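Peer 1: Have a look at the structure that comes next, please.
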Amino acid sequence: MDPLRILVVDDHAAIREIVSAYLAEDRHTVETAADASEAMTKFRSCRFDLVITDRAMPEISRDELAASIKKVEPDKPVIMLTGFADLLTETGRRSENVDLIVSKPARLEDLRKAILKVMPRLKRCDPHLTARSSSRATAESSFGLK
């Protein structure tokens, strides 16, 4: 199975780097964007299989980026990373433009599970996305986030 092309959007450089390193563990190709404007420019000019975005970013309110993505490609999976995932889930405040909400800080295993949920065709195709134990150093240990 070919790796996914994933757009990661977050206004914090450290989060972009960590999430990108996690995704690279599973051979995905990752592009990053620091804000909604840069994200939409990249999204319109490249083909992505998936978008992973922060919920709270400057110059854009809550779910506007997800809405903009769905306006261009309605079936494009969007995963939202937020520190308020439990609250959003409990109150039912999840945007119709977001396919899945994942709590920050997201671990590698959290991202793998999220990808499997929004892209179910991968379950039978890619053994690297299924739960696995790794004997080599992962992005988690590299960033001290176990």
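Lettering and numbering for the structure tokens are positional, with chains as A, B, ... in the shown order, residues counted from 1 in each chain, and ligands counted from 1 in the shown order.
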Leaving out Pro58 (chain A) and any residue of its chain fewer than 6 positions from it, which residues lie within 10 Å of it when counting only C-alpha atoms, given as a list of chain:residue names?
Peer 2: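 Contacts, with the query itself left out: A:Asp10, A:Asp11, A:Ala34, A:Asp35, A:Ala36.
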Peer 1: Those same residues - N, CA and C atoms - I'd like them written as a PDB file, in the first residue's frame.
Peer 2:
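Full text of result_34.pdb as output:
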```
ATOM      1  N   ASP A  10      -1.013  23.356  12.180  1.00  0.00           N
ATOM      2  CA  ASP A  10      -0.992  23.798  13.573  1.00  0.00           C
ATOM      3  C   ASP A  10      -0.141  25.057  13.643  1.00  0.00           C
ATOM      4  N   ASP A  11      -0.553  26.007  14.461  1.00  0.00           N
ATOM      5  CA  ASP A  11       0.197  27.250  14.556  1.00  0.00           C
ATOM      6  C   ASP A  11       1.436  27.118  15.440  1.00  0.00           C
ATOM      7  N   ALA A  34       1.401  26.420   8.864  1.00  0.00           N
ATOM      8  CA  ALA A  34       1.360  27.110  10.149  1.00  0.00           C
ATOM      9  C   ALA A  34       0.048  27.838  10.401  1.00  0.00           C
ATOM     10  N   ASP A  35      -0.739  28.018   9.349  1.00  0.00           N
ATOM     11  CA  ASP A  35      -2.018  28.715   9.521  1.00  0.00           C
ATOM     12  C   ASP A  35      -2.995  28.293   8.424  1.00  0.00           C
ATOM     13  N   ALA A  36      -4.217  28.751   8.551  1.00  0.00           N
ATOM     14  CA  ALA A  36      -5.274  28.349   7.622  1.00  0.00           C
ATOM     15  C   ALA A  36      -4.997  28.810   6.188  1.00  0.00           C
TER      16      ALA A  36
END
```
Peer 1: Just want the 10 Å neighbourhood of Val72 (chain A), counted on only C-alpha atoms, with same-chain residues fewer than 5 positions away dropped. Output as JSON, numbers by chain.
Peer 2: {"A": [40, 43, 44, 67]}
Peer 1: For a quick check of understanding, using only C-alpha atoms, which of A:Pro3, A:Ser37, A:Asp99, A:Arg47 has the smallest distance to Glu25 (chain A)?
Peer 2: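 Answer, going by the shortest atom-to-atom distance: A:Pro3.
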Peer 1: Rounded to one decimal place, report the CA of Arg107 (chain A)-CA of Ser45 (chain A) distance in Å.
Peer 2: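 Taking CA of Arg107 (chain A) and CA of Ser45 (chain A), their separation equals 29.1 Å.
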